[in-house]
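A.B. asks: To be precise about what I am sending: the file is called final-v2.cif and holds mmCIF, C-alpha atoms.
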```cif
data_work
loop_
_atom_site.label_atom_id
_atom_site.label_comp_id
_atom_site.auth_asym_id
_atom_site.auth_seq_id
_atom_site.Cartn_x
_atom_site.Cartn_y
_atom_site.Cartn_z
CA MET A 11 158.42 -20.66 31.31
CA ARG A 12 161.99 -21.57 30.51
CA THR A 13 164.07 -19.15 28.50
CA GLY A 14 165.32 -20.96 25.39
CA ALA A 15 168.62 -20.31 23.66
CA ASP A 16 166.90 -19.04 20.50
CA GLU A 17 164.89 -16.54 22.55
CA ILE A 18 168.03 -15.35 24.32
CA LEU A 19 169.79 -14.67 21.02
CA THR A 20 166.71 -12.88 19.64
CA ARG A 21 166.60 -10.66 22.72
CA LEU A 22 170.28 -9.79 22.22
CA GLU A 23 169.65 -8.81 18.60
CA MET A 24 166.79 -6.53 19.68
CA GLU A 25 168.94 -4.95 22.39
CA ILE A 26 171.70 -4.26 19.86
CA ALA A 27 169.20 -2.61 17.50
CA ARG A 28 167.90 -0.35 20.30
CA LYS A 29 171.43 0.60 21.34
CA GLU A 30 172.35 1.45 17.75
CA LEU A 31 169.29 3.72 17.52
CA GLN A 32 170.15 5.40 20.82
CA LEU A 33 173.64 6.19 19.56
CA GLU A 34 172.36 7.46 16.22
CA GLU A 35 170.13 9.94 18.03
CA TYR A 36 172.38 10.49 21.09
CA ALA A 37 169.24 9.92 23.14
CA GLY A 38 169.89 10.69 26.80
CA LEU A 39 173.64 11.03 26.24
CA ARG A 40 174.86 14.35 27.62
CA THR A 41 178.64 13.99 27.83
CA GLU A 42 181.46 12.59 25.74
CA PHE A 43 182.09 10.01 28.45
CA ASP A 44 178.46 8.84 28.25
CA ILE A 45 178.62 8.53 24.47
CA ARG A 46 181.84 6.53 24.52
CA LYS A 47 180.53 4.39 27.38
CA GLU A 48 177.48 3.37 25.32
CA GLU A 49 179.61 2.85 22.21
CA ASP A 50 181.82 0.46 24.15
CA LEU A 51 178.74 -1.32 25.51
CA LEU A 52 177.45 -1.73 21.95
CA ARG A 53 180.77 -3.32 20.94
CA LEU A 54 180.42 -5.74 23.85
CA LEU A 55 176.77 -6.54 23.04
CA ARG A 56 177.71 -7.45 19.47
CA ARG A 57 180.13 -10.03 20.87
CA LEU A 58 178.04 -11.35 23.78
CA ARG A 59 176.88 -14.95 23.69
CA PRO A 60 175.00 -16.93 26.35
CA ILE A 61 177.42 -19.55 27.65
CA ALA A 62 175.55 -21.02 30.64
CA LEU A 63 171.90 -21.37 31.58
CA GLU A 64 171.32 -22.76 35.05
CA GLY A 65 167.79 -24.03 35.43
CA TYR A 66 168.69 -26.05 38.54
CA ARG A 67 167.35 -29.22 37.00
CA ASN A 68 169.79 -31.93 37.98
CA LEU A 69 173.37 -32.90 38.71
CA LEU A 70 173.93 -34.70 35.45
CA PRO A 71 176.74 -33.64 33.10
CA PRO A 72 175.85 -32.04 29.75
CA PRO A 73 175.59 -34.25 26.66
CA PRO A 74 178.99 -34.90 25.05
CA VAL A 75 177.97 -33.18 21.81
CA PRO A 76 175.58 -30.21 22.06
CA ARG A 77 172.75 -30.08 19.58
CA ARG A 78 174.02 -26.71 18.41
CA PRO A 79 177.38 -24.98 19.00
CA TRP A 80 175.80 -22.47 21.40
CA GLU A 81 173.38 -24.81 23.17
CA LEU A 82 173.35 -24.07 26.89
CA PRO A 83 174.16 -26.94 29.27
CA ALA A 84 171.96 -26.04 32.27
CA VAL A 85 173.66 -28.35 34.75
CA LEU A 86 174.79 -27.79 38.32
CA THR A 87 178.11 -29.51 37.62
CA ASP A 88 179.19 -26.26 35.94
CA TRP A 89 179.14 -24.56 39.35
CA ASP A 90 181.10 -24.71 42.58
CA LEU A 91 178.26 -24.98 45.11
CA PRO A 92 178.06 -24.61 48.91
CA PRO A 93 178.53 -27.69 51.08
CA SER A 94 175.63 -30.10 51.25
CA GLY A 95 172.96 -28.78 53.59
CA TYR A 96 173.67 -25.11 52.90
CA TYR A 97 171.69 -24.86 49.69
CA LYS A 98 168.71 -26.67 48.28
CA LEU A 99 166.98 -27.22 44.97
CA ASP A 100 163.54 -25.88 45.83
CA ALA A 101 160.82 -27.79 44.00
CA THR A 102 158.04 -25.61 45.47
CA VAL A 103 159.31 -22.08 44.72
CA TYR A 104 160.64 -21.58 41.20
CA VAL A 105 160.13 -19.74 37.91
CA SER A 106 160.52 -22.75 35.64
CA GLU A 107 160.28 -26.42 36.46
CA PRO A 108 161.50 -28.35 38.24
CA SER A 109 163.26 -26.14 40.82
CA SER A 110 165.21 -23.03 41.77
CA ILE A 111 168.31 -22.87 43.93
CA TYR A 112 167.90 -21.47 47.46
CA LEU A 113 170.92 -20.03 49.29
CA LYS A 114 171.32 -18.52 52.76
CA TYR A 115 173.71 -18.17 55.71
CA GLY A 116 176.38 -16.42 53.65
CA TYR A 117 176.82 -19.15 51.06
CA TYR A 118 177.18 -18.66 47.35
CA ALA A 119 177.71 -20.42 44.04
CA LEU A 120 180.46 -19.66 41.50
CA LEU A 121 180.42 -20.63 37.85
CA LYS A 122 183.44 -22.80 37.06
CA GLN A 123 185.94 -21.23 34.73
CA SER A 124 186.33 -24.60 33.02
CA ALA A 125 182.67 -24.37 31.99
CA VAL A 126 183.25 -20.91 30.54
CA GLY A 127 186.61 -21.50 28.89
CA MET A 128 187.83 -17.99 29.62
CA ALA A 129 188.24 -15.34 32.30
CA LEU A 130 185.17 -13.09 32.35
CA ALA A 131 186.61 -9.59 32.68
CA GLN A 132 183.52 -8.29 30.84
CA GLY A 133 180.11 -9.90 30.50
CA ARG A 134 176.66 -10.21 32.01
CA ILE A 135 174.82 -12.14 34.74
CA GLU A 136 171.05 -12.40 34.39
CA SER A 137 168.69 -14.21 36.73
CA TYR A 138 165.29 -14.40 38.32
CA TYR A 139 165.72 -13.39 41.93
CA ARG A 140 163.54 -13.58 45.04
CA HIS A 141 164.35 -13.05 48.73
CA ASP A 142 162.51 -14.17 51.83
CA GLY A 143 162.77 -11.18 54.16
CA ALA A 144 163.84 -7.57 54.68
CA ARG A 145 167.58 -7.19 54.39
CA THR A 146 169.40 -4.65 56.53
CA LYS A 147 172.75 -2.90 56.50
CA SER A 148 173.62 -3.22 60.16
CA THR A 149 175.87 -5.18 62.50
CA SER A 150 173.99 -8.29 61.44
CA THR A 151 174.17 -7.53 57.73
CA GLN A 152 171.76 -9.29 55.43
CA TYR A 153 171.95 -9.01 51.67
CA SER A 154 172.17 -10.79 48.34
CA GLN A 155 174.77 -10.37 45.63
CA PHE A 156 175.85 -10.69 42.05
CA MET A 157 179.60 -11.42 42.10
CA PHE A 158 182.02 -10.95 39.20
CA ARG A 159 185.78 -10.93 38.62
CA ASN A 160 186.01 -13.38 41.51
CA GLN A 161 189.56 -14.71 41.94
CA ALA A 162 188.83 -18.15 43.47
CA PRO A 163 190.30 -20.98 41.36
CA ASP A 164 188.05 -23.75 40.04
CA GLY A 165 187.06 -26.23 42.71
CA THR A 166 187.05 -23.55 45.41
CA ARG A 167 184.76 -20.79 46.60
CA ALA A 168 186.19 -17.65 48.16
CA HIS A 169 185.05 -14.09 48.73
CA ASN A 170 188.38 -12.47 49.57
CA LYS A 171 189.01 -11.09 46.08
CA THR A 172 185.89 -10.16 44.12
CA TYR A 173 183.62 -7.39 42.95
CA ALA A 174 179.99 -7.56 44.05
CA ILE A 175 176.69 -5.76 43.69
CA GLN A 176 174.73 -6.11 46.94
CA PHE A 177 170.96 -5.65 47.12
CA TYR A 178 169.49 -4.17 50.30
CA GLY A 179 165.97 -3.42 51.52
CA PRO A 180 163.26 -2.84 52.19
CA TYR A 181 165.40 -1.55 55.06
CA SER A 182 164.21 -1.39 58.65
CA GLY A 183 166.86 1.04 59.90
CA THR A 184 167.22 4.80 59.45
CA SER A 185 170.79 5.38 58.26
CA TRP A 186 170.72 3.89 54.76
CA HIS A 187 168.55 3.68 51.66
CA GLN A 188 165.17 2.08 52.21
CA ASN A 189 165.81 0.11 49.05
CA GLY A 190 169.20 0.17 47.43
CA ALA A 191 172.31 -1.39 45.99
CA LEU A 192 175.92 -1.19 47.02
CA PHE A 193 178.92 -1.62 44.71
CA MET A 194 181.94 -3.03 46.52
CA TYR A 195 185.08 -5.06 46.20
CA GLN A 196 186.71 -7.40 48.66
CA ASP A 197 190.46 -7.40 49.11
CA ASP A 198 192.49 -9.81 51.24
CA THR A 199 191.39 -8.27 54.53
CA SER A 200 188.15 -6.32 54.19
CA SER A 201 185.16 -5.23 52.13
CA VAL A 202 185.50 -1.80 50.52
CA GLU A 203 182.39 0.16 49.59
CA ILE A 204 182.75 2.04 46.30
CA ALA A 205 179.27 3.58 45.94
CA THR A 206 175.63 3.16 46.96
CA ARG A 207 172.46 3.85 44.98
CA SER A 208 168.75 3.95 45.70
CA LEU A 209 166.78 1.57 43.48
CA ALA A 210 164.01 2.62 41.10
CA ILE A 211 161.66 -0.04 42.51
CA ASN A 212 161.29 -1.93 45.76
CA LEU A 213 162.59 -5.48 45.70
CA ASP A 214 159.82 -6.77 47.93
CA PRO A 215 160.05 -10.07 49.83
CA ASN A 216 158.67 -13.25 48.28
CA THR A 217 158.38 -11.69 44.83
CA TRP A 218 160.22 -12.77 41.69
CA TYR A 219 162.22 -10.13 39.82
CA GLN A 220 164.16 -10.63 36.62
CA ILE A 221 167.40 -8.69 37.08
CA ARG A 222 170.76 -8.48 35.37
CA CYS A 223 174.21 -7.04 35.91
CA THR A 224 176.33 -6.02 32.89
CA PHE A 225 179.98 -5.15 33.45
CA TRP A 226 182.33 -3.72 30.82
CA VAL A 227 185.30 -1.38 30.44
CA SER A 228 185.16 2.04 28.79
CA GLN A 229 187.98 4.57 28.71
CA GLY A 230 189.87 2.45 31.23
CA VAL A 231 186.98 2.57 33.72
CA LEU A 232 184.96 -0.43 34.89
CA ILE A 233 181.25 0.24 34.28
CA VAL A 234 178.56 -1.80 36.06
CA ARG A 235 174.89 -1.52 35.02
CA LEU A 236 172.10 -3.00 37.11
CA GLU A 237 168.70 -3.48 35.41
CA TYR A 238 165.35 -5.19 35.84
CA PHE A 239 162.78 -6.40 33.31
CA ASP A 240 159.54 -4.44 33.73
CA GLY A 241 157.43 -6.79 31.60
CA SER A 242 158.27 -5.21 28.27
CA ASP A 243 161.82 -3.87 28.46
CA TRP A 244 164.96 -3.74 30.56
CA VAL A 245 165.10 -0.65 32.79
CA LYS A 246 167.93 0.67 34.93
CA LEU A 247 167.50 -0.02 38.64
CA CYS A 248 169.91 2.81 39.38
CA ASP A 249 172.62 4.94 37.80
CA ASP A 250 175.65 3.04 36.59
CA PHE A 251 178.44 2.22 39.03
CA THR A 252 182.05 2.90 38.06
CA ASP A 253 185.52 2.08 39.33
CA SER A 254 188.50 3.76 37.69
CA ALA A 255 190.82 1.27 39.43
CA ASN A 256 189.39 -1.45 37.16
CA ARG A 257 190.66 -4.22 39.45
CA TRP A 258 191.66 -7.68 38.16
CA ALA A 259 191.10 -6.56 34.55
CA ASP A 260 193.91 -8.79 33.26
CA SER A 261 193.38 -11.72 35.62
CA ASP A 262 193.35 -15.24 34.21
CA THR A 263 190.76 -16.33 36.80
CA ASN A 264 187.82 -13.90 36.70
CA ARG A 265 184.64 -15.81 37.62
CA VAL A 266 181.02 -14.89 38.31
CA GLY A 267 178.44 -16.06 40.84
CA VAL A 268 175.39 -15.43 43.02
CA ASN A 269 175.19 -15.10 46.77
CA ALA A 270 172.97 -14.86 49.85
CA TYR A 271 174.28 -13.54 53.14
CA ALA A 272 173.24 -13.97 56.80
CA TYR A 273 169.88 -15.12 58.11
CA TYR A 274 167.61 -14.28 55.22
CA GLY A 275 168.00 -16.31 52.06
CA CYS A 276 167.17 -15.96 48.42
CA TRP A 277 166.17 -17.99 45.40
CA TRP A 278 167.81 -17.81 41.97
CA ASP A 279 166.35 -19.36 38.84
CA ASP A 280 167.09 -19.48 35.10
CA THR A 281 170.47 -17.84 35.67
CA ILE A 282 172.14 -16.92 32.37
CA ILE A 283 175.82 -16.05 32.00
CA TYR A 284 176.96 -14.13 28.93
CA ALA A 285 180.54 -13.81 27.69
CA PRO A 286 182.10 -11.99 24.72
CA ALA A 287 182.94 -14.30 21.83
#
```
Would you mind writing the file's structure down as structure tokens?
C.D. replies:
Amino acid sequence: MRTGADEILTRLEMEIARKELQLEEYAGLRTEFDIRKEEDLLRLLRRLRPIALEGYRNLLPPPPVPRRPWELPAVLTDWDLPPSGYYKLDATVYVSEPSSIYLKYGYYALLKQSAVGMALAQGRIESYYRHDGARTKSTSTQYSQFMFRNQAPDGTRAHNKTYAIQFYGPYSGTSWHQNGALFMYQDDTSSVEIATRSLAINLDPNTWYQIRCTFWVSQGVLIVRLEYFDGSDWVKLCDDFTDSANRWADSDTNRVGVNAYAYYGCWWDDTIIYAPA
């Protein structure tokens, strides 16, 4: 069932109400840093608006005049996509009709900054996600990613300057989490691991999961929260990631995207991008 714009806004209002209640009661907040972190998240949530909904329906441009100011376009022309033949619109495996997007072999899609109208230094990526095999952290690395603060200009796709959350597992090796996530950034020459976390649930093959990545700044630190929808509420997949370096915070380019790497591929569907108004 497709997520409508009205439903998205209603969900945001409910999330704001829950966050306000948490802060009133200081529920689960043990340190001053934690309190201020959630206060800054609340400020972001009050400003967040859905700006793109990719249902992977067609290649047609959006209508010239939206029905409402916040109507979501849901068109692939808002994205810089892999070359032809390295992705497909899958009309057999999807969450909502008519298709999902399937990526593999290290290719990825980046939301065009022109579609957003701003650099996304803070925001949220939400999507249904499904992968087709066990991913490993080994010489032949296989994983999927949310990317954000990507520095590739519109019309290009590049991975040399970006933050990413990588999903691993179930893992067939012995030297890493059976099921986990890795927070990293890519500079001009190499990938740099910042932290790893075990996940609260297994992301099993050929199963749809609704997941999201929220990234915001608190006390000069970049905070990254990874969550999944358990059927009734959003639940943390792991403890928050942080980076005090807060890279590319003032960049004019910051973009977001989704990725699949190496042999195994993944599907993405009903991908929603949120930005602060």
A.B. asks: Please enumerate the residues selected by the PyMOL selection byres ((chain A and resi 267) around 9) when evaluated against the supplied file, formatted as a ChimeraX atom specification.
C.D. replies: /A:89,118-121,135,155-158,160,265-266,268-269
A.B. asks: Leaving out Tyr139 in chain A and any residue of its chain fewer than 4 positions from it, which residues lie within 6 Å of it when counting all atoms listed in the file, given as a PyMOL selection string?
C.D. replies: chain A and resi 218-219+277-278
A.B. asks: For the atom pair CA of Tyr96 in chain A and CA of Ser110 in chain A, what is the interatomic distance in Å to one decimal place?
C.D. replies: 14.1 Å
A.B. asks: At what distance in Å, to one decimal, does CA of Pro286 in chain A lie from CA of Ser201 in chain A?
C.D. replies: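 Value for the CA of Ser201 in chain A-CA of Pro286 in chain A distance: 28.4 Å.
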A.B. asks: Can you tell me how far CA of Ile26 in chain A sits from CA of Asp240 in chain A, in Å to one decimal?
C.D. replies: 18.4 Å
A.B. asks: Which one is closest to Leu51 in chain A: A:Leu33, A:Val105, A:Ala255, A:Ile211? Count all atoms listed in the file.
C.D. replies: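 Selected residue with least distance to Leu51 in chain A: A:Leu33.
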A.B. asks: Residue by residue, what does the PyMOL selection byres ((chain A and resi 279) around 12) grab here? Present the result as a ChimeraX atom specification.
C.D. replies: /A:11-13,63-67,84,86,99-101,103-113,135-141,218-221,268,276-278,280-282
A.B. asks: Report as JSON the centre and the edge lengths, in Å to one decimal, of the axis-aligned box holding every listed atom of range 114-121 of chain A, padded by 8 Å on each side.
C.D. replies:
```
{"center_x": 175.9, "center_y": -18.5, "center_z": 46.8, "size_x": 25.1, "size_y": 20.2, "size_z": 33.9}
```
A.B. asks: Taking 3 positions as the minimum chain separation for residues in the same chain, which residues sit within 6 Å of range 246-248 of chain A when counting only C-alpha atoms? Answer as a PyMOL selection string.
C.D. replies: chain A and resi 209-210+236-237
A.B. asks: Which residue is closest to Leu31 in chain A? Choose from A:Asp243, A:Asp197, A:Asp88, A:Glu48 and count all atoms listed in the file.
C.D. replies: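 Smallest distance to Leu31 in chain A is found for A:Glu48.
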A.B. asks: Contacts of Gly230 in chain A at 12 Å or less, counting only C-alpha atoms, minus same-chain residues fewer than 2 places along, as a ChimeraX atom specification?
C.D. replies: /A:43,46-47,50,226-228,232-233,252-257,259
A.B. asks: Name all residues at most 7 Å from Asn264 in chain A (count all atoms listed in the file; drop same-chain ones fewer than 6 positions away) and give them as a list in words.
C.D. replies: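 Final neighbour list, sorted by chain and number: Ala129, Leu130, Ala131, Phe158, Arg159, Asn160 and Gln161 of chain A.
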A.B. asks: Which of these, A:Arg53, A:Lys98, A:Arg222, A:Arg59, has the shortest distance to Ile18 in chain A once you count all atoms listed in the file?
C.D. replies: A:Arg59
